[in-house]
Amino acid sequence: MALASPPCSSSFETGGFAALLRMRMPGEAQEHCRFDEPAYTPAGFRNSEDSPMRITWYGHSAFRLDFKDKAVLIDPFFTGNPGFGGDRKDAVKGLTHILLTHGHSDHIGDTVDIAKETNVPVVANFEVCMWLNGKGVQKIDPMNIGGTTDQGGFTVTLVRADHSSAMIEDGVFSVLGNPGGLIVKALDEPTVYHVGDTDIFSDMALINEIHQPQVAMVPIGDRFTMGGKIAGMAVKRYFNFRSVIPCHYGSFPIIDQTPDKFVAEMQGHSTKVIVPEKGKAVDV
Ligand SMILES: [Zn+2]
């Protein structure tokens with residue numbers, strides 16, 4: 001589909017909520033974004049022995065992925081995160097993208113500030129993107145469960161999670177679509193699955209069959225997500241991960257404070273459990 005429009009990144013760049021809605025009217029010419037760019041062709045995007053993907057955990061569900069020329073923050077909850085560890089400056093240095101699993105404050109976190117500060121695109125479900133746009137975030141790339149977007153050098157797929165997604169401000173709830181997990185794929189890099197917040201569900205088998213993720217971040221803290229024992233069961237029953245990083249624990253006092261239950265459940269399994277030091281990148 002050829003469109004007579006100026007090029008933009010793979011994300012929408014908007015002049016506000018109304019402009020974005022205008023852009024999405026069916027049959028109307030796209031003013032800001034083109035869809036006639038070639039399909040995912042990560043030229044020169046090759047892994048090598050000395051540049052493995054690196055993953056940094058900042059506490060709770062906040063991670064940074066570094067691979068080749070990409071620096072991707074997932075669920076950057078820094079301010080107010082009782083479990084935050086690391087350096088915010090390092091976390092946003094050279095940032096290229098922000099990805100969000102769902103619209104809870106412990107996952108959207110510092111997204112508005114970081115997006116404005118760095119002008120990087122935010123990839124999230126449609127409702128979360130609209131909410132962010134209403135807060136003045138201009139570069140958004142809305143999607144929904146089952147969809148894949150080309151981020152120029154890697155793709156993001158939003159997959160199912162059994163959870164909820166809403167923000168509350170001044171006593172008013174904004175329901176922000178469905179929660180999800182994120183599959184990040186890049187040529188010659190391990191496929192990464194940030195599971196988001198969820199319980200175990202049997203369609204995890206389909207996610208494994210379709211995407212074959214090799215590295216995963218899995219919530220284990222109980223109360224709001226599956227606990228360590230069930231998370232271990234999910235990993236062992238449905239996936240063939242090379243390595244798994246537990247998350248969503250050790251932050252708020254009402255969830256589990258250690259990964260011990262998960263580590264115990266994974267004992268003896270071929271999937272390597274990585275419990276990273278916060279703020280310290282690990283190779284995967
Ligand atoms: Zn959460």
# chains A, B, ... in the order shown; residues from 1 in each chain; ligands from 1
>>> select_by_dssp(residues="segment 33-261 of chain A", states="strand (DSSP E)", output="PyMOL selection string")
chain A and resi 54-57+63-67+70-74+97-99+122-125+139-143+148-150+155-160+166-169+172-175+180-185+192-194+215-219+243-247
>>> residues_around(residues="Asn119 of chain A", least_positions_apart="2", cutoff="12 Å", atoms="only C-alpha atoms", output="PyMOL selection string")
chain A and resi 9+11-13+92+94-98+111-117+121-122+136-140
>>> write_last_selection(atoms="N, CA and C atoms", output="JSON list (two decimals), in the first residue's frame")
[["chain", "number", "residue", "atom", "x", "y", "z"],
["A", 9, "SER", "N", 9.08, 7.00, 12.08],
["A", 9, "SER", "CA", 9.59, 5.76, 12.63],
["A", 9, "SER", "C", 8.46, 4.75, 12.59],
["A", 11, "SER", "N", 6.78, 3.93, 14.89],
["A", 11, "SER", "CA", 5.75, 4.32, 15.84],
["A", 11, "SER", "C", 4.94, 5.48, 15.28],
["A", 12, "PHE", "N", 3.77, 5.67, 15.86],
["A", 12, "PHE", "CA", 2.98, 6.83, 15.51],
["A", 12, "PHE", "C", 3.59, 8.05, 16.19],
["A", 13, "GLU", "N", 3.61, 9.14, 15.49],
["A", 13, "GLU", "CA", 3.99, 10.40, 16.14],
["A", 13, "GLU", "C", 2.78, 11.30, 16.01],
["A", 92, "VAL", "N", 18.40, 4.80, 31.31],
["A", 92, "VAL", "CA", 17.83, 5.50, 30.14],
["A", 92, "VAL", "C", 18.90, 5.90, 29.12],
["A", 94, "GLY", "N", 21.12, 6.04, 26.14],
["A", 94, "GLY", "CA", 21.08, 5.45, 24.80],
["A", 94, "GLY", "C", 19.79, 4.71, 24.48],
["A", 95, "LEU", "N", 18.76, 4.99, 25.26],
["A", 95, "LEU", "CA", 17.50, 4.26, 25.12],
["A", 95, "LEU", "C", 16.92, 4.41, 23.70],
["A", 96, "THR", "N", 16.36, 3.29, 23.18],
["A", 96, "THR", "CA", 15.74, 3.36, 21.85],
["A", 96, "THR", "C", 14.23, 3.07, 21.90],
["A", 97, "HIS", "N", 13.76, 2.32, 22.88],
["A", 97, "HIS", "CA", 12.34, 1.95, 22.93],
["A", 97, "HIS", "C", 11.91, 1.73, 24.39],
["A", 98, "ILE", "N", 10.60, 1.92, 24.61],
["A", 98, "ILE", "CA", 9.98, 1.49, 25.87],
["A", 98, "ILE", "C", 8.83, 0.54, 25.51],
["A", 111, "THR", "N", 7.20, 5.87, 32.69],
["A", 111, "THR", "CA", 7.17, 5.93, 31.22],
["A", 111, "THR", "C", 6.94, 7.35, 30.68],
["A", 112, "VAL", "N", 5.98, 8.07, 31.28],
["A", 112, "VAL", "CA", 5.67, 9.40, 30.74],
["A", 112, "VAL", "C", 6.91, 10.29, 30.78],
["A", 113, "ASP", "N", 7.57, 10.33, 31.92],
["A", 113, "ASP", "CA", 8.76, 11.18, 32.06],
["A", 113, "ASP", "C", 9.89, 10.73, 31.13],
["A", 114, "ILE", "N", 10.14, 9.43, 31.10],
["A", 114, "ILE", "CA", 11.25, 8.93, 30.29],
["A", 114, "ILE", "C", 10.98, 9.14, 28.80],
["A", 115, "ALA", "N", 9.73, 8.91, 28.39],
["A", 115, "ALA", "CA", 9.38, 9.09, 26.97],
["A", 115, "ALA", "C", 9.56, 10.55, 26.55],
["A", 116, "LYS", "N", 9.15, 11.47, 27.42],
["A", 116, "LYS", "CA", 9.30, 12.89, 27.09],
["A", 116, "LYS", "C", 10.77, 13.30, 27.07],
["A", 117, "GLU", "N", 11.51, 12.71, 27.98],
["A", 117, "GLU", "CA", 12.93, 13.03, 28.13],
["A", 117, "GLU", "C", 13.76, 12.51, 26.95],
["A", 121, "PRO", "N", 9.99, 5.79, 21.11],
["A", 121, "PRO", "CA", 8.62, 5.29, 20.99],
["A", 121, "PRO", "C", 8.24, 4.36, 22.15],
["A", 122, "VAL", "N", 6.97, 4.43, 22.51],
["A", 122, "VAL", "CA", 6.42, 3.53, 23.53],
["A", 122, "VAL", "C", 5.49, 2.53, 22.83],
["A", 136, "GLY", "N", 0.61, 13.50, 27.08],
["A", 136, "GLY", "CA", 1.60, 14.26, 26.32],
["A", 136, "GLY", "C", 2.70, 13.44, 25.69],
["A", 137, "VAL", "N", 2.59, 12.10, 25.76],
["A", 137, "VAL", "CA", 3.60, 11.26, 25.08],
["A", 137, "VAL", "C", 3.24, 11.21, 23.59],
["A", 138, "GLN", "N", 4.15, 11.66, 22.77],
["A", 138, "GLN", "CA", 3.86, 11.82, 21.34],
["A", 138, "GLN", "C", 4.15, 10.58, 20.51],
["A", 139, "LYS", "N", 5.22, 9.87, 20.85],
["A", 139, "LYS", "CA", 5.60, 8.71, 20.03],
["A", 139, "LYS", "C", 5.05, 7.45, 20.65],
["A", 140, "ILE", "N", 3.96, 6.96, 20.07],
["A", 140, "ILE", "CA", 3.34, 5.74, 20.60],
["A", 140, "ILE", "C", 3.13, 4.75, 19.46]]
>>> residues_around(residues="Gly177 of chain A", least_positions_apart="6", cutoff="10 Å", atoms="only C-alpha atoms", output="ChimeraX atom specification")
/A:102-103,124-129,144-145,164-166
>>> residues_around(residues="segment 216-224 of chain A", least_positions_apart="5", cutoff="7 Å", atoms="only C-alpha atoms", output="JSON, numbers by chain")
{"A": [192, 193, 194, 195, 196, 197, 231, 241, 243, 244, 245, 246, 247, 248, 249, 255, 256, 262]}
>>> atom_distance(atom1="atom CA of Ile183 of chain A", atom2="atom CA of Val120 of chain A")
19.0 Å
>>> residues_around(residues="segment 80-87 of chain A", least_positions_apart="6", cutoff="7 Å", atoms="only C-alpha atoms", output="list in words")
Tyr58, Gly59, His60, Gly250, Ser251, Phe252, Lys278 and Gly279 of chain A
>>> atom_distance(atom1="atom CA of Met130 of chain A", atom2="atom CA of His104 of chain A")
14.2 Å
>>> residues_around(residues="Lys229 of chain A", least_positions_apart="4", cutoff="7 Å", atoms="only C-alpha atoms", output="MDAnalysis selection string")
chainID A and resid 233 261:262 265
>>> closest_residue(among="A:Glu189, A:Thr149, A:Asp170, A:Thr198", to="Asp283 of chain A", atoms="only C-alpha atoms")
A:Glu189
>>> closest_residue(among="A:Thr118, A:Thr79, A:Ser105, A:Thr271", to="ligand 1", atoms="only C-alpha atoms and all ligand atoms")
A:Ser105
>>> decode(residues="segment 100-202 of chain A", atoms="C-alpha atoms", output="PDB file, in the first residue's frame")
ATOM      1  CA  LEU A 100       4.829  -1.992  28.397  1.00  0.00           C
ATOM      2  CA  THR A 101       3.020  -5.172  29.384  1.00  0.00           C
ATOM      3  CA  HIS A 102      -0.094  -3.503  30.821  1.00  0.00           C
ATOM      4  CA  GLY A 103      -1.561  -0.376  32.328  1.00  0.00           C
ATOM      5  CA  HIS A 104      -0.859  -0.698  36.053  1.00  0.00           C
ATOM      6  CA  SER A 105       1.172   1.959  37.817  1.00  0.00           C
ATOM      7  CA  ASP A 106       3.850  -0.553  38.843  1.00  0.00           C
ATOM      8  CA  HIS A 107       4.470  -1.219  35.133  1.00  0.00           C
ATOM      9  CA  ILE A 108       3.793   2.095  33.379  1.00  0.00           C
ATOM     10  CA  GLY A 109       5.957   3.548  36.139  1.00  0.00           C
ATOM     11  CA  ASP A 110       8.149   6.382  34.866  1.00  0.00           C
ATOM     12  CA  THR A 111       7.170   5.934  31.220  1.00  0.00           C
ATOM     13  CA  VAL A 112       5.667   9.401  30.737  1.00  0.00           C
ATOM     14  CA  ASP A 113       8.762  11.184  32.056  1.00  0.00           C
ATOM     15  CA  ILE A 114      11.255   8.931  30.286  1.00  0.00           C
ATOM     16  CA  ALA A 115       9.381   9.092  26.970  1.00  0.00           C
ATOM     17  CA  LYS A 116       9.298  12.892  27.087  1.00  0.00           C
ATOM     18  CA  GLU A 117      12.931  13.035  28.128  1.00  0.00           C
ATOM     19  CA  THR A 118      14.244  10.645  25.459  1.00  0.00           C
ATOM     20  CA  ASN A 119      11.588  10.911  22.714  1.00  0.00           C
ATOM     21  CA  VAL A 120      11.741   7.158  22.150  1.00  0.00           C
ATOM     22  CA  PRO A 121       8.624   5.285  20.994  1.00  0.00           C
ATOM     23  CA  VAL A 122       6.423   3.529  23.529  1.00  0.00           C
ATOM     24  CA  VAL A 123       4.984   0.188  22.432  1.00  0.00           C
ATOM     25  CA  ALA A 124       1.921  -0.954  24.371  1.00  0.00           C
ATOM     26  CA  ASN A 125      -1.697  -1.951  23.994  1.00  0.00           C
ATOM     27  CA  PHE A 126      -4.012   0.566  22.339  1.00  0.00           C
ATOM     28  CA  GLU A 127      -5.660   1.859  25.502  1.00  0.00           C
ATOM     29  CA  VAL A 128      -2.363   2.318  27.347  1.00  0.00           C
ATOM     30  CA  CYS A 129      -1.012   4.205  24.323  1.00  0.00           C
ATOM     31  CA  MET A 130      -4.074   6.474  24.240  1.00  0.00           C
ATOM     32  CA  TRP A 131      -3.725   7.136  27.962  1.00  0.00           C
ATOM     33  CA  LEU A 132      -0.034   8.009  27.515  1.00  0.00           C
ATOM     34  CA  ASN A 133      -0.881  10.230  24.565  1.00  0.00           C
ATOM     35  CA  GLY A 134      -3.328  12.077  26.792  1.00  0.00           C
ATOM     36  CA  LYS A 135      -0.396  12.700  29.149  1.00  0.00           C
ATOM     37  CA  GLY A 136       1.597  14.264  26.318  1.00  0.00           C
ATOM     38  CA  VAL A 137       3.595  11.262  25.083  1.00  0.00           C
ATOM     39  CA  GLN A 138       3.860  11.821  21.344  1.00  0.00           C
ATOM     40  CA  LYS A 139       5.603   8.711  20.028  1.00  0.00           C
ATOM     41  CA  ILE A 140       3.344   5.744  20.602  1.00  0.00           C
ATOM     42  CA  ASP A 141       2.937   2.446  18.795  1.00  0.00           C
ATOM     43  CA  PRO A 142      -0.423   0.949  19.748  1.00  0.00           C
ATOM     44  CA  MET A 143      -1.147  -2.737  19.307  1.00  0.00           C
ATOM     45  CA  ASN A 144      -3.175  -5.521  20.885  1.00  0.00           C
ATOM     46  CA  ILE A 145      -3.036  -9.187  21.826  1.00  0.00           C
ATOM     47  CA  GLY A 146      -1.883 -11.368  18.932  1.00  0.00           C
ATOM     48  CA  GLY A 147      -0.378  -8.474  17.013  1.00  0.00           C
ATOM     49  CA  THR A 148       3.252  -8.049  16.010  1.00  0.00           C
ATOM     50  CA  THR A 149       4.932  -4.742  15.240  1.00  0.00           C
ATOM     51  CA  ASP A 150       8.212  -4.097  13.460  1.00  0.00           C
ATOM     52  CA  GLN A 151      10.398  -1.841  15.564  1.00  0.00           C
ATOM     53  CA  GLY A 152      13.205  -1.621  13.027  1.00  0.00           C
ATOM     54  CA  GLY A 153      15.714  -4.305  13.950  1.00  0.00           C
ATOM     55  CA  PHE A 154      13.381  -6.328  16.145  1.00  0.00           C
ATOM     56  CA  THR A 155       9.730  -7.208  16.480  1.00  0.00           C
ATOM     57  CA  VAL A 156       7.346  -7.093  19.408  1.00  0.00           C
ATOM     58  CA  THR A 157       4.371  -9.419  19.785  1.00  0.00           C
ATOM     59  CA  LEU A 158       1.756  -8.878  22.449  1.00  0.00           C
ATOM     60  CA  VAL A 159       0.491 -12.166  23.886  1.00  0.00           C
ATOM     61  CA  ARG A 160      -2.100 -13.154  26.446  1.00  0.00           C
ATOM     62  CA  ALA A 161      -1.782 -12.709  30.197  1.00  0.00           C
ATOM     63  CA  ASP A 162      -4.432 -13.421  32.834  1.00  0.00           C
ATOM     64  CA  HIS A 163      -4.464 -10.254  34.896  1.00  0.00           C
ATOM     65  CA  SER A 164      -6.017  -6.746  34.760  1.00  0.00           C
ATOM     66  CA  SER A 165      -4.981  -3.328  33.442  1.00  0.00           C
ATOM     67  CA  ALA A 166      -6.145  -0.011  34.896  1.00  0.00           C
ATOM     68  CA  MET A 167      -4.940   3.243  36.398  1.00  0.00           C
ATOM     69  CA  ILE A 168      -6.581   5.115  39.227  1.00  0.00           C
ATOM     70  CA  GLU A 169      -6.183   8.874  39.492  1.00  0.00           C
ATOM     71  CA  ASP A 170      -8.077  11.055  41.961  1.00  0.00           C
ATOM     72  CA  GLY A 171     -10.366   8.136  42.712  1.00  0.00           C
ATOM     73  CA  VAL A 172     -11.272   7.601  39.065  1.00  0.00           C
ATOM     74  CA  PHE A 173     -10.416   4.374  37.272  1.00  0.00           C
ATOM     75  CA  SER A 174      -9.234   4.267  33.690  1.00  0.00           C
ATOM     76  CA  VAL A 175      -9.475   0.728  32.379  1.00  0.00           C
ATOM     77  CA  LEU A 176      -6.530   0.324  30.035  1.00  0.00           C
ATOM     78  CA  GLY A 177      -7.288  -2.598  27.777  1.00  0.00           C
ATOM     79  CA  ASN A 178      -6.148  -6.138  28.340  1.00  0.00           C
ATOM     80  CA  PRO A 179      -2.909  -7.070  30.065  1.00  0.00           C
ATOM     81  CA  GLY A 180      -0.302  -8.856  28.007  1.00  0.00           C
ATOM     82  CA  GLY A 181       3.064 -10.474  27.805  1.00  0.00           C
ATOM     83  CA  LEU A 182       5.738  -9.348  25.358  1.00  0.00           C
ATOM     84  CA  ILE A 183       7.696 -11.430  22.875  1.00  0.00           C
ATOM     85  CA  VAL A 184      10.815  -9.675  21.579  1.00  0.00           C
ATOM     86  CA  LYS A 185      12.489 -11.180  18.519  1.00  0.00           C
ATOM     87  CA  ALA A 186      15.599 -10.090  16.681  1.00  0.00           C
ATOM     88  CA  LEU A 187      17.710 -11.904  14.161  1.00  0.00           C
ATOM     89  CA  ASP A 188      20.479 -13.957  15.770  1.00  0.00           C
ATOM     90  CA  GLU A 189      19.376 -12.951  19.266  1.00  0.00           C
ATOM     91  CA  PRO A 190      17.580 -15.108  21.813  1.00  0.00           C
ATOM     92  CA  THR A 191      13.827 -14.647  21.642  1.00  0.00           C
ATOM     93  CA  VAL A 192      12.765 -13.018  24.891  1.00  0.00           C
ATOM     94  CA  TYR A 193       9.401 -13.409  26.612  1.00  0.00           C
ATOM     95  CA  HIS A 194       8.470 -10.923  29.336  1.00  0.00           C
ATOM     96  CA  VAL A 195       5.509 -12.783  30.759  1.00  0.00           C
ATOM     97  CA  GLY A 196       3.971  -9.647  32.318  1.00  0.00           C
ATOM     98  CA  ASP A 197       1.718 -10.198  35.318  1.00  0.00           C
ATOM     99  CA  THR A 198      -0.281 -13.398  35.081  1.00  0.00           C
ATOM    100  CA  ASP A 199      -1.400 -16.684  36.500  1.00  0.00           C
ATOM    101  CA  ILE A 200      -0.457 -19.922  34.758  1.00  0.00           C
ATOM    102  CA  PHE A 201      -2.688 -20.725  31.756  1.00  0.00           C
ATOM    103  CA  SER A 202      -2.623 -23.685  29.414  1.00  0.00           C
TER     104      SER A 202
END
